[in-house]
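Visitor: Dropping in run20.cif, which is mmCIF, C-alpha atoms:
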```cif
data_protein
#
loop_
_atom_site.label_atom_id
_atom_site.label_comp_id
_atom_site.auth_asym_id
_atom_site.auth_seq_id
_atom_site.Cartn_x
_atom_site.Cartn_y
_atom_site.Cartn_z
CA MET A 22 -3.75 -54.30 24.35
CA GLU A 23 -5.32 -52.63 21.38
CA LYS A 24 -4.72 -54.19 18.03
CA ILE A 25 -5.56 -53.06 14.55
CA PRO A 26 -7.27 -55.81 12.59
CA ILE A 27 -5.81 -56.89 9.26
CA LEU A 28 -8.50 -58.30 6.98
CA ARG A 29 -7.76 -60.58 4.12
CA MET A 30 -9.72 -60.00 0.92
CA GLY A 31 -8.57 -62.48 -1.68
CA PRO A 32 -5.08 -61.48 -2.73
CA PHE A 33 -5.25 -58.20 -0.85
CA LEU A 34 -5.02 -57.13 2.75
CA LEU A 35 -7.32 -54.46 4.12
CA VAL A 36 -6.33 -52.37 7.12
CA THR A 37 -8.75 -49.83 8.50
CA ILE A 38 -7.24 -47.58 11.13
CA GLN A 39 -10.10 -46.44 13.31
CA VAL A 40 -8.21 -45.10 16.31
CA ASP A 41 -5.55 -42.47 16.61
CA LEU A 42 -2.27 -44.22 16.09
CA TYR A 43 0.20 -43.91 18.89
CA ASP A 44 3.77 -44.96 18.34
CA ARG A 45 3.67 -48.47 19.80
CA LEU A 46 0.43 -49.30 18.02
CA ALA A 47 1.93 -48.12 14.74
CA LEU A 48 5.06 -50.21 15.26
CA ASN A 49 2.98 -53.28 16.08
CA LEU A 50 0.85 -52.67 13.00
CA GLU A 51 3.96 -52.49 10.87
CA ALA A 52 5.28 -55.79 12.24
CA ASP A 53 1.91 -57.56 12.04
CA LEU A 54 1.23 -56.37 8.54
CA ILE A 55 4.57 -57.40 7.15
CA LYS A 56 4.25 -60.80 8.79
CA THR A 57 0.76 -61.27 7.35
CA ILE A 58 1.93 -60.29 3.87
CA SER A 59 4.65 -62.86 4.08
CA ASP A 60 2.29 -65.53 5.47
CA THR A 61 -0.53 -65.00 2.99
CA ASN A 62 1.50 -64.05 -0.06
CA ALA A 63 -0.69 -61.00 -0.45
CA LYS A 64 -0.24 -58.96 -3.60
CA GLY A 65 -1.56 -55.69 -2.31
CA VAL A 66 -2.20 -53.76 0.89
CA LEU A 67 -4.91 -51.17 1.28
CA ILE A 68 -4.69 -48.87 4.28
CA ASP A 69 -7.75 -46.78 5.05
CA ILE A 70 -6.91 -43.73 7.15
CA SER A 71 -10.15 -41.82 6.56
CA VAL A 72 -10.83 -41.38 10.28
CA VAL A 73 -7.28 -40.55 11.28
CA SER A 74 -7.23 -36.86 12.11
CA ILE A 75 -3.85 -36.54 13.81
CA VAL A 76 -0.61 -37.43 12.15
CA ASP A 77 3.01 -36.80 13.05
CA SER A 78 6.32 -37.38 11.37
CA PHE A 79 6.64 -40.79 13.00
CA MET A 80 3.28 -41.89 11.59
CA GLY A 81 4.31 -40.61 8.19
CA ARG A 82 7.52 -42.56 8.37
CA ILE A 83 5.72 -45.75 9.43
CA ILE A 84 3.40 -45.50 6.42
CA GLY A 85 6.38 -44.95 4.15
CA ASN A 86 8.17 -47.89 5.77
CA ILE A 87 5.19 -50.19 5.32
CA ALA A 88 5.09 -49.28 1.64
CA SER A 89 8.80 -49.93 1.15
CA MET A 90 8.70 -53.22 3.07
CA SER A 91 5.64 -54.41 1.18
CA LYS A 92 7.38 -53.55 -2.06
CA ILE A 93 10.26 -55.83 -1.08
CA LEU A 94 7.74 -58.59 -0.41
CA ASP A 95 6.18 -57.90 -3.81
CA ALA A 96 3.00 -56.23 -2.60
CA GLU A 97 1.70 -52.79 -3.60
CA THR A 98 0.49 -50.37 -0.95
CA VAL A 99 -2.39 -47.96 -1.41
CA VAL A 100 -3.32 -45.40 1.23
CA VAL A 101 -6.89 -44.21 0.90
CA GLY A 102 -9.15 -41.55 2.35
CA MET A 103 -6.56 -39.17 3.71
CA GLN A 104 -8.13 -36.08 5.22
CA PRO A 105 -7.13 -32.66 3.85
CA ALA A 106 -5.63 -31.55 7.16
CA VAL A 107 -3.54 -34.72 7.34
CA ALA A 108 -2.32 -34.25 3.77
CA ILE A 109 -1.30 -30.66 4.46
CA THR A 110 0.47 -31.69 7.66
CA LEU A 111 2.45 -34.42 5.93
CA ILE A 112 3.52 -32.01 3.18
CA GLU A 113 4.52 -29.39 5.72
CA LEU A 114 6.53 -32.05 7.56
CA GLY A 115 8.33 -32.76 4.29
CA LEU A 116 6.90 -36.26 3.92
CA PRO A 117 5.33 -36.48 0.47
CA LEU A 118 5.20 -40.34 0.77
CA THR A 119 6.63 -40.76 -2.69
CA GLY A 120 6.63 -44.56 -2.71
CA VAL A 121 2.99 -44.84 -1.66
CA HIS A 122 0.02 -44.99 -3.99
CA THR A 123 -3.01 -43.01 -2.93
CA ALA A 124 -6.70 -43.02 -3.73
CA LEU A 125 -9.71 -41.02 -2.66
CA ASN A 126 -11.71 -43.86 -1.10
CA VAL A 127 -11.61 -47.62 -0.56
CA GLU A 128 -13.50 -48.35 -3.76
CA ARG A 129 -11.05 -46.47 -5.95
CA GLY A 130 -8.16 -47.83 -3.94
CA MET A 131 -9.31 -51.36 -4.75
CA GLU A 132 -9.58 -50.52 -8.43
CA LEU A 133 -6.10 -49.06 -8.35
CA LEU A 134 -4.73 -52.16 -6.65
CA ARG A 135 -6.36 -54.46 -9.19
CA ALA A 136 -4.95 -52.41 -12.04
CA LYS A 137 -1.51 -52.43 -10.45
CA VAL A 138 -1.36 -56.07 -9.50
CA ASN A 139 -2.73 -57.41 -12.77
CA LEU A 140 -4.10 -60.70 -11.47
CA ASP A 141 -5.30 -63.31 -13.85
CA ASP A 142 -8.49 -63.79 -11.85
CA TYR A 143 -9.33 -60.11 -12.19
CA SER A 144 -10.24 -59.14 -15.71
CA SER A 145 -10.12 -55.44 -16.34
CA SER A 146 -13.84 -54.84 -16.13
CA GLU A 147 -13.50 -51.50 -14.41
CA ASP A 148 -14.26 -49.55 -17.56
CA GLU A 149 -17.98 -49.92 -17.08
CA ASP A 150 -18.33 -47.36 -14.39
CA GLY A 151 -16.38 -44.79 -16.32
CA TYR A 152 -13.46 -44.55 -13.98
CA GLU A 153 -10.08 -46.04 -14.57
CA PRO A 154 -7.26 -45.39 -12.19
CA ASP A 155 -4.24 -44.30 -14.11
CA ASP A 156 -0.68 -45.32 -13.60
CA GLN A 157 0.98 -41.96 -13.74
CA ARG A 158 0.71 -41.46 -10.05
CA ASP A 159 3.75 -43.33 -8.94
CA TYR A 160 6.48 -40.84 -9.45
CA MET B 5 -1.69 39.28 28.05
CA GLY B 6 -2.65 35.67 27.50
CA SER B 7 -6.27 36.15 28.40
CA ASN B 8 -6.33 39.02 26.00
CA ILE B 9 -5.43 36.76 23.10
CA ILE B 10 -7.90 34.14 24.09
CA GLU B 11 -10.57 36.79 24.40
CA ILE B 12 -9.79 38.06 20.95
CA LEU B 13 -9.99 34.58 19.48
CA LYS B 14 -13.20 33.69 21.24
CA ASN B 15 -14.84 36.88 20.09
CA SER B 16 -13.88 36.47 16.50
CA GLN B 17 -14.98 32.89 15.94
CA SER B 18 -17.18 33.77 13.00
CA THR B 19 -14.38 35.74 11.30
CA ILE B 20 -11.98 32.84 11.71
CA LEU B 21 -14.52 30.45 10.29
CA GLU B 22 -15.12 32.72 7.35
CA ASN B 23 -11.39 33.13 6.62
CA TRP B 24 -10.88 29.44 6.96
CA SER B 25 -13.65 28.54 4.54
CA LYS B 26 -12.22 31.01 2.07
CA THR B 27 -8.73 29.53 2.20
CA GLN B 28 -10.13 26.07 1.85
CA ALA B 29 -12.20 26.98 -1.15
CA SER B 30 -9.23 28.59 -2.89
CA ALA B 31 -6.42 26.32 -1.72
CA MET B 32 -7.84 22.99 -2.72
CA SER B 33 -9.66 22.17 -5.87
CA PHE B 34 -12.54 20.55 -4.15
CA ASN B 35 -13.74 17.13 -5.02
CA ASP B 36 -17.41 17.82 -4.91
CA ASP B 37 -18.19 14.18 -5.43
CA LEU B 38 -16.23 13.10 -2.34
CA ILE B 39 -17.74 15.50 0.15
CA SER B 40 -20.22 18.36 -0.06
CA SER B 41 -19.15 21.90 0.83
CA GLN B 42 -21.92 22.03 3.36
CA GLU B 43 -20.47 19.05 5.14
CA ILE B 44 -17.08 20.73 5.23
CA GLN B 45 -18.65 23.84 6.64
CA GLU B 46 -20.25 21.81 9.40
CA GLN B 47 -17.03 19.98 10.18
CA SER B 48 -15.07 23.24 10.31
CA GLU B 49 -17.59 24.84 12.60
CA GLU B 50 -17.63 21.90 14.95
CA LEU B 51 -13.86 21.78 15.10
CA ILE B 52 -13.38 25.48 15.70
CA THR B 53 -16.08 25.56 18.37
CA ALA B 54 -14.46 22.67 20.20
CA PHE B 55 -11.07 24.30 19.88
CA LEU B 56 -12.07 27.69 21.17
CA ARG B 57 -14.19 26.28 23.96
CA ASN B 58 -11.25 24.33 25.37
CA LEU B 59 -8.60 26.95 24.76
CA ASN B 60 -7.23 28.69 27.85
CA GLU B 61 -4.15 30.54 28.96
CA GLU B 62 -2.17 27.51 30.13
CA ASN B 63 -2.73 25.15 27.28
CA LEU B 64 -2.02 27.63 24.52
CA GLY B 65 0.99 26.03 22.89
CA ASN B 66 0.56 22.59 24.45
CA GLY B 67 -1.26 20.17 22.20
CA ASP B 68 -1.00 17.34 24.71
CA ALA B 69 -3.09 19.18 27.30
CA PRO B 70 -6.07 17.08 28.42
CA GLU B 71 -8.47 19.88 27.54
CA PHE B 72 -7.72 19.29 23.88
CA ASP B 73 -8.78 15.64 23.95
CA GLU B 74 -12.08 16.59 22.38
CA VAL B 75 -10.35 18.49 19.57
CA VAL B 76 -7.84 15.69 18.97
CA GLU B 77 -10.63 13.16 18.86
CA SER B 78 -12.73 15.04 16.36
CA LEU B 79 -9.59 15.68 14.27
CA SER B 80 -8.82 11.97 14.26
CA ASP B 81 -12.36 11.05 13.25
CA LEU B 82 -12.27 13.60 10.50
CA SER B 83 -8.90 12.44 9.28
CA ILE B 84 -9.88 8.77 9.21
CA SER B 85 -13.12 9.48 7.41
CA ARG B 86 -11.24 11.53 4.81
CA ALA B 87 -8.70 8.79 4.31
CA LYS B 88 -11.50 6.32 3.70
CA LEU B 89 -13.24 8.71 1.31
CA GLY B 90 -10.06 8.84 -0.75
CA PHE B 91 -8.78 12.34 -0.01
CA SER B 92 -5.11 13.00 -0.62
CA PRO B 93 -2.87 13.71 2.37
CA LYS B 94 -2.31 17.22 1.04
CA GLU B 95 -5.99 18.04 1.00
CA THR B 96 -6.37 16.81 4.54
CA SER B 97 -3.40 18.75 5.88
CA VAL B 98 -4.46 21.91 4.06
CA PHE B 99 -7.74 21.60 5.91
CA VAL B 100 -6.06 21.55 9.31
CA ASN B 101 -3.37 24.11 8.56
CA GLY B 102 -6.00 26.43 7.11
CA MET B 103 -7.43 26.76 10.57
CA LYS B 104 -4.08 27.89 11.95
CA ASN B 105 -3.65 30.46 9.20
CA ALA B 106 -7.14 31.79 9.74
CA ILE B 107 -6.52 32.21 13.45
CA ILE B 108 -3.18 33.90 12.96
CA ASP B 109 -4.67 36.25 10.38
CA VAL B 110 -7.26 37.36 12.91
CA LEU B 111 -4.61 37.87 15.57
CA GLU B 112 -2.47 39.83 13.15
CA ALA B 113 -5.32 42.19 12.39
CA GLN B 114 -6.06 42.77 16.04
CA LEU B 115 -2.54 42.96 17.43
CA ILE B 116 -0.83 44.83 14.65
CA SER B 117 0.39 47.46 17.12
CA GLN B 118 1.91 44.93 19.54
CA PRO B 119 4.41 42.90 17.50
CA ALA B 120 6.04 41.25 20.54
CA GLN B 121 2.77 39.87 21.77
CA LEU B 122 1.76 38.84 18.27
CA TYR B 123 4.99 36.99 17.81
CA ALA B 124 4.69 35.16 21.14
CA ALA B 125 1.11 34.18 20.44
CA SER B 126 1.87 33.02 16.88
CA LYS B 127 4.74 30.92 18.10
CA LYS B 128 2.60 29.18 20.68
CA LEU B 129 -0.18 28.62 18.18
CA ASN B 130 2.34 27.15 15.78
CA TYR B 131 3.47 24.61 18.37
CA LEU B 132 -0.11 23.76 19.11
CA PHE B 133 -1.09 23.24 15.51
CA ASP B 134 2.05 21.28 14.75
CA SER B 135 0.97 18.69 17.26
CA PHE B 136 -2.54 18.74 15.77
CA SER B 137 -1.06 18.17 12.33
CA ILE B 138 0.91 15.20 13.56
CA VAL B 139 -2.24 13.66 15.01
CA THR B 140 -4.05 14.25 11.76
CA PHE B 141 -1.27 12.77 9.71
CA GLU B 142 -0.97 9.72 11.90
CA THR B 143 -4.66 8.95 11.88
CA PHE B 144 -4.84 9.61 8.15
CA ILE B 145 -2.20 6.95 7.54
CA ARG B 146 -3.97 4.59 9.92
CA GLY B 147 -7.22 5.11 8.06
CA ARG B 148 -5.49 4.30 4.78
CA GLU B 149 -3.92 1.20 6.27
CA GLU B 150 -7.30 -0.01 7.45
CA VAL B 151 -8.58 0.36 3.91
CA ILE B 152 -5.61 -1.59 2.55
CA ILE B 153 -5.97 -4.40 5.09
CA ARG B 154 -9.67 -4.72 4.33
CA GLN B 155 -8.99 -4.88 0.62
CA THR B 156 -6.28 -7.50 1.08
CA ASP B 157 -8.65 -9.66 3.08
CA GLU B 158 -11.34 -9.32 0.47
CA ILE B 159 -8.99 -10.19 -2.36
CA SER B 160 -7.70 -13.30 -0.66
CA GLU B 161 -11.24 -14.42 0.07
CA ILE B 162 -12.80 -13.88 -3.32
CA SER B 163 -9.98 -14.87 -5.57
CA THR B 164 -9.72 -18.55 -4.79
CA PRO B 165 -12.85 -20.23 -6.08
CA VAL B 166 -12.85 -23.95 -6.75
CA ILE B 167 -14.86 -24.66 -9.87
CA ARG B 168 -16.30 -28.02 -10.73
CA VAL B 169 -15.86 -28.13 -14.48
CA TRP B 170 -16.91 -31.73 -14.97
CA GLU B 171 -17.82 -34.73 -12.94
CA GLY B 172 -14.56 -35.64 -11.26
CA ILE B 173 -12.67 -32.60 -12.55
CA LEU B 174 -12.02 -29.47 -10.50
CA ALA B 175 -10.47 -26.25 -11.77
CA LEU B 176 -8.77 -23.64 -9.62
CA PRO B 177 -7.92 -20.40 -11.39
CA ILE B 178 -5.35 -18.54 -9.28
CA ILE B 179 -5.27 -14.78 -9.78
CA GLY B 180 -2.69 -12.56 -8.14
CA THR B 181 0.53 -13.21 -6.29
CA LEU B 182 0.84 -16.47 -4.40
CA ASP B 183 2.26 -16.05 -0.91
CA SER B 184 2.34 -18.56 1.92
CA ALA B 185 -0.96 -17.45 3.44
CA ARG B 186 -2.80 -17.61 0.14
CA THR B 187 -1.30 -20.95 -0.80
CA GLN B 188 -2.59 -22.29 2.47
CA VAL B 189 -6.11 -21.05 1.65
CA VAL B 190 -5.89 -22.39 -1.90
CA MET B 191 -4.63 -25.76 -0.70
CA GLU B 192 -7.30 -26.10 1.97
CA ASN B 193 -10.11 -25.09 -0.39
CA LEU B 194 -8.88 -27.48 -3.04
CA LEU B 195 -8.48 -30.46 -0.72
CA GLU B 196 -11.88 -29.85 0.88
CA ALA B 197 -13.46 -29.67 -2.55
CA ILE B 198 -11.77 -32.91 -3.62
CA VAL B 199 -13.27 -34.71 -0.63
CA GLU B 200 -16.68 -33.11 -1.13
CA THR B 201 -17.00 -33.84 -4.81
CA GLY B 202 -14.95 -37.02 -4.97
CA SER B 203 -12.96 -35.57 -7.85
CA SER B 204 -9.91 -37.36 -9.12
CA ILE B 205 -8.32 -34.54 -11.12
CA ALA B 206 -7.64 -30.95 -10.13
CA ILE B 207 -6.45 -28.33 -12.59
CA LEU B 208 -4.43 -25.46 -11.14
CA ASP B 209 -4.51 -22.61 -13.61
CA ILE B 210 -1.80 -20.05 -12.95
CA SER B 211 -2.32 -17.76 -15.95
CA GLY B 212 -3.34 -15.03 -13.52
CA VAL B 213 -0.19 -15.28 -11.43
CA PRO B 214 2.09 -12.37 -12.38
CA ALA B 215 5.40 -13.91 -11.36
CA VAL B 216 6.75 -17.20 -10.15
CA ASP B 217 9.82 -17.25 -7.93
CA SER B 218 11.31 -20.21 -6.14
CA LEU B 219 8.99 -19.70 -3.17
CA VAL B 220 5.85 -19.65 -5.30
CA ALA B 221 7.06 -22.71 -7.18
CA GLN B 222 7.62 -24.47 -3.89
CA HIS B 223 4.08 -23.59 -2.81
CA LEU B 224 2.73 -24.99 -6.05
CA MET B 225 4.69 -28.20 -5.62
CA LYS B 226 3.37 -28.53 -2.08
CA THR B 227 -0.18 -28.19 -3.33
CA VAL B 228 0.42 -30.81 -5.99
CA ALA B 229 1.98 -33.20 -3.48
CA ALA B 230 -0.89 -32.72 -1.03
CA THR B 231 -3.41 -33.40 -3.79
CA ARG B 232 -1.55 -36.58 -4.64
CA LEU B 233 -1.68 -37.69 -1.00
CA MET B 234 -5.44 -37.29 -1.10
CA GLY B 235 -5.54 -39.70 -4.01
CA ALA B 236 -6.24 -37.20 -6.75
CA GLU B 237 -4.09 -35.88 -9.54
CA CYS B 238 -3.05 -32.28 -10.02
CA VAL B 239 -2.39 -30.64 -13.36
CA ILE B 240 -0.84 -27.19 -13.64
CA SER B 241 -1.92 -25.12 -16.62
CA GLY B 242 -1.53 -21.61 -17.92
CA ILE B 243 2.22 -21.27 -17.52
CA ARG B 244 3.23 -18.25 -19.58
CA PRO B 245 6.48 -18.35 -21.55
CA GLU B 246 8.23 -15.82 -19.30
CA ILE B 247 7.30 -17.91 -16.28
CA ALA B 248 8.60 -21.07 -17.94
CA GLN B 249 11.88 -19.24 -18.56
CA THR B 250 12.07 -18.07 -14.96
CA ILE B 251 11.37 -21.54 -13.63
CA VAL B 252 14.16 -23.11 -15.67
CA HIS B 253 16.59 -20.31 -14.89
CA LEU B 254 15.89 -20.71 -11.20
CA GLY B 255 16.66 -24.39 -11.53
CA ILE B 256 13.26 -25.53 -10.25
CA ASP B 257 12.45 -29.08 -11.18
CA LEU B 258 8.84 -29.46 -12.24
CA SER B 259 9.47 -32.67 -14.14
CA ASN B 260 7.32 -34.80 -11.84
CA ILE B 261 4.37 -32.44 -12.17
CA ILE B 262 2.00 -32.61 -15.08
CA THR B 263 1.96 -29.25 -16.84
CA LYS B 264 -0.24 -28.19 -19.74
CA ALA B 265 -0.15 -25.03 -21.82
CA SER B 266 -3.71 -23.87 -21.23
CA LEU B 267 -6.80 -24.74 -19.28
CA ALA B 268 -8.26 -26.23 -22.47
CA HIS B 269 -5.33 -28.59 -22.84
CA ALA B 270 -5.52 -29.53 -19.20
CA LEU B 271 -9.22 -30.27 -19.58
CA ARG B 272 -8.55 -32.40 -22.63
CA PHE B 273 -5.91 -34.30 -20.68
CA SER B 274 -8.38 -34.80 -17.82
CA PHE B 275 -10.99 -36.17 -20.21
CA GLN B 276 -8.42 -38.60 -21.55
CA SER B 277 -7.48 -39.86 -18.10
CA LEU B 278 -11.13 -40.28 -17.20
CA LYS B 279 -11.69 -42.07 -20.50
CA LEU B 280 -14.16 -39.47 -21.66
CA GLU B 281 -14.51 -38.26 -25.21
CA VAL B 282 -15.75 -34.95 -26.54
CA ARG B 283 -16.59 -34.83 -30.22
CA LYS B 284 -18.64 -32.88 -32.66
CA GLN B 285 -22.21 -33.96 -33.16
CA GLN B 286 -22.80 -35.55 -36.52
CA THR B 287 -25.16 -33.52 -38.67
CA PRO B 288 -27.85 -35.39 -40.65
CA ALA B 289 -26.26 -34.24 -43.92
CA ASN B 290 -23.12 -36.17 -43.16
CA ARG B 291 -24.94 -39.41 -42.64
#
```
Can you dump the structure from the file as structure tokens?

Guide:
Amino acid sequence: MEKIPILRMGPFLLVTIQVDLYDRLALNLEADLIKTISDTNAKGVLIDISVVSIVDSFMGRIIGNIASMSKILDAETVVVGMQPAVAITLIELGLPLTGVHTALNVERGMELLRAKVNLDDYSSSEDEDGYEPDDQRDY
Amino acid sequence: MGSNIIEILKNSQSTILENWSKTQASAMSFNDDLISSQEIQEQSEELITAFLRNLNEENLGNGDAPEFDEVVESLSDLSISRAKLGFSPKETSVFVNGMKNAIIDVLEAQLISQPAQLYAASKKLNYLFDSFSIVTFETFIRGREEVIIRQTDEISEISTPVIRVWEGILALPIIGTLDSARTQVVMENLLEAIVETGSSIAILDISGVPAVDSLVAQHLMKTVAATRLMGAECVISGIRPEIAQTIVHLGIDLSNIITKASLAHALRFSFQSLKLEVRKQQTPANR
């Protein structure tokens, strides 16, 4: 059975979805991810959906659920690399994913997570490259 | 009797044409810049030749007769081309009705001693030309509609440019009314551009939008939400005071959308969020 790998990067978890998510796979991912967060005490989750081209309301709900569950377990969720068509679809479905942070690509998503999580090990050295993710996004 | 009339008409083609040209010249103040009088002359001649060639005893008074297909076709072409050239409906209908008047004038002159026959012939010709007029009118409107549709397409294509104003900052000036179809185009263009340029801020300038109702506001909010999903931020600028009033009166909540008074303010805000600074160059005298 197919499984989506969950990679651990320090205090964060990295999930790259490289196949089209069908319902069971999405449910498994949700369960696995939440379990891993709890096991590893992760402080942030980064979900890369840059190759996902098809999305439905169920998918949208799963992503929203993951974000809410992670929040309860004290981890921030960032969804990165959403394709324009997917974004339009989610909006048309009435799923603006309000609880989820978003970023354009993995790199910026990581910066955003670091800024959000405020770890002692991570000094705020992001200023050097001229980009600083801002905090006004989480309305 | 019928053949007599048709004979008369066929024999007096040049007289009809002459009368017709005269009425046209006097009846409509011609737009010389739209069409030359020589062109009109040619069109009239072509039409009248086609008409008289296909006219016979049976179809006099029946515009739907298959013999008149040629006439109807050339009338339609003429009507459409006039619509596209910008003629008024009146000018076009005067053109067609002028032909009827010219023909009846000729008949009147020839049949002055036979009023019954004249009346019967005029009546039939009236029926015939009524149906011609309807064809002309219909095709004229269709021609106009084609022009309108083409213009609409052009407007929606040209009026949604996505401008890269700075590294990481996109601007989208929206001009004209926002409907669902246009919002879709705007949204798609914007999101594509965000991916292409890797921009993190998009400025939606609506100073060119004449009115904002609840639907337009909803479209705007959708665009902002979609931009956020992509991981970029959307700022709306150029909201005119009347529009601000309308939005509040309609009870639309824009509180979770960043709004700025003008494009300049939005740009300044974008610079701040990107930690950029614009300042005046120091002149040597100040040092």

Visitor: Tell me which residues the PyMOL selection byres ((chain A) within 6 of (chain B)) grabs here, as a VMD selection string.

Guide: chain A and resid 103 105 108 to 109 123 to 125 152

Visitor: For the file shown, what are the residues hit by the PyMOL selection byres ((chain B and resi 273) around 12), laid out as an MDAnalysis selection string?

Guide: chainID B and resid 173 205:207 237:241 262:272 274:282

Visitor: What is the atom CA of Ile107 of chain B to atom CA of Ala87 of chain B distance in Å?

Guide: 25.2 Å

Visitor: Mind listing whatever residues come within 12 Å of the point (-11.1, 13.4, 13.2)? Use all atoms listed in the file, file coordinates, and give them as a PyMOL selection string.

Guide: chain B and resi 47-48+50-51+73-88+96-97+99-100+136-137+139-144+146-147

Visitor: Got a sec: who's within 10 Å of segment 87-90 of chain A, counting only C-alpha atoms, leaving out chain neighbours fewer than 3 positions off, as JSON, numbers by chain?

Guide: {"A": [48, 50, 51, 52, 54, 55, 58, 66, 82, 83, 84, 93, 94, 95, 96, 97, 98, 99, 100, 118, 119, 120, 121, 122]}

Visitor: Include C-alpha atoms and write out the residues we just selected as a CSV table (one decimal), keeping the file's coordinate frame.

Guide:
```csv
chain,number,residue,atom,x,y,z
A,48,LEU,CA,5.1,-50.2,15.3
A,50,LEU,CA,0.8,-52.7,13.0
A,51,GLU,CA,4.0,-52.5,10.9
A,52,ALA,CA,5.3,-55.8,12.2
A,54,LEU,CA,1.2,-56.4,8.5
A,55,ILE,CA,4.6,-57.4,7.2
A,58,ILE,CA,1.9,-60.3,3.9
A,66,VAL,CA,-2.2,-53.8,0.9
A,82,ARG,CA,7.5,-42.6,8.4
A,83,ILE,CA,5.7,-45.8,9.4
A,84,ILE,CA,3.4,-45.5,6.4
A,93,ILE,CA,10.3,-55.8,-1.1
A,94,LEU,CA,7.7,-58.6,-0.4
A,95,ASP,CA,6.2,-57.9,-3.8
A,96,ALA,CA,3.0,-56.2,-2.6
A,97,GLU,CA,1.7,-52.8,-3.6
A,98,THR,CA,0.5,-50.4,-1.0
A,99,VAL,CA,-2.4,-48.0,-1.4
A,100,VAL,CA,-3.3,-45.4,1.2
A,118,LEU,CA,5.2,-40.3,0.8
A,119,THR,CA,6.6,-40.8,-2.7
A,120,GLY,CA,6.6,-44.6,-2.7
A,121,VAL,CA,3.0,-44.8,-1.7
A,122,HIS,CA,0.0,-45.0,-4.0
```

Visitor: How far is it from atom CA of Ile243 of chain B to atom CA of Arg186 of chain B, in Å with one decimal?

Guide: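 Here the two named atoms are 18.7 Å from each other.
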
Visitor: Report, in Å to a single decimal, how far apart atom CA of Glu23 of chain A and atom CA of Ile68 of chain A are.

Guide: 17.5 Å

Visitor: Give me the result of the PyMOL selection byres ((chain B and resi 220) around 12) on this file, residue by residue, as number ranges by chain.

Guide: B: 178, 180-188, 210, 213-219, 221-227, 247, 250-251, 254, 256

Visitor: Name all residues at most 10 Å from Ile9 of chain B (count all atoms listed in the file; drop same-chain ones fewer than 4 positions away) and give them as a list in words.

Guide: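 Answer for this query is Met5, Leu13, Lys14, Asn15, Asn60, Glu61, Leu64, Leu111, Gln114, Leu115, Gln121, Leu122 and Ala125 of chain B.
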
Visitor: If we count all atoms listed in the file, what is near Ser71 of chain A at a cut-off of 7 Å, once residues fewer than 3 positions away on the same chain are taken out, given as JSON, numbers by chain?

Guide: {"A": [101, 102, 103, 104]}

Visitor: Given only C-alpha atoms as the basis, pick out the residue of B:Pro70, B:Val189, B:Asn23, B:Arg154 nearest to Ala106 of chain A.

Guide: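 Looking at the shortest contact to Ala106 of chain A, the residue is B:Val189.
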
Visitor: I'd like to know which of A:Phe33, A:Ile38, A:Lys92, A:Thr61 is closest to Glu132 of chain A, using all atoms listed in the file.

Guide: A:Phe33
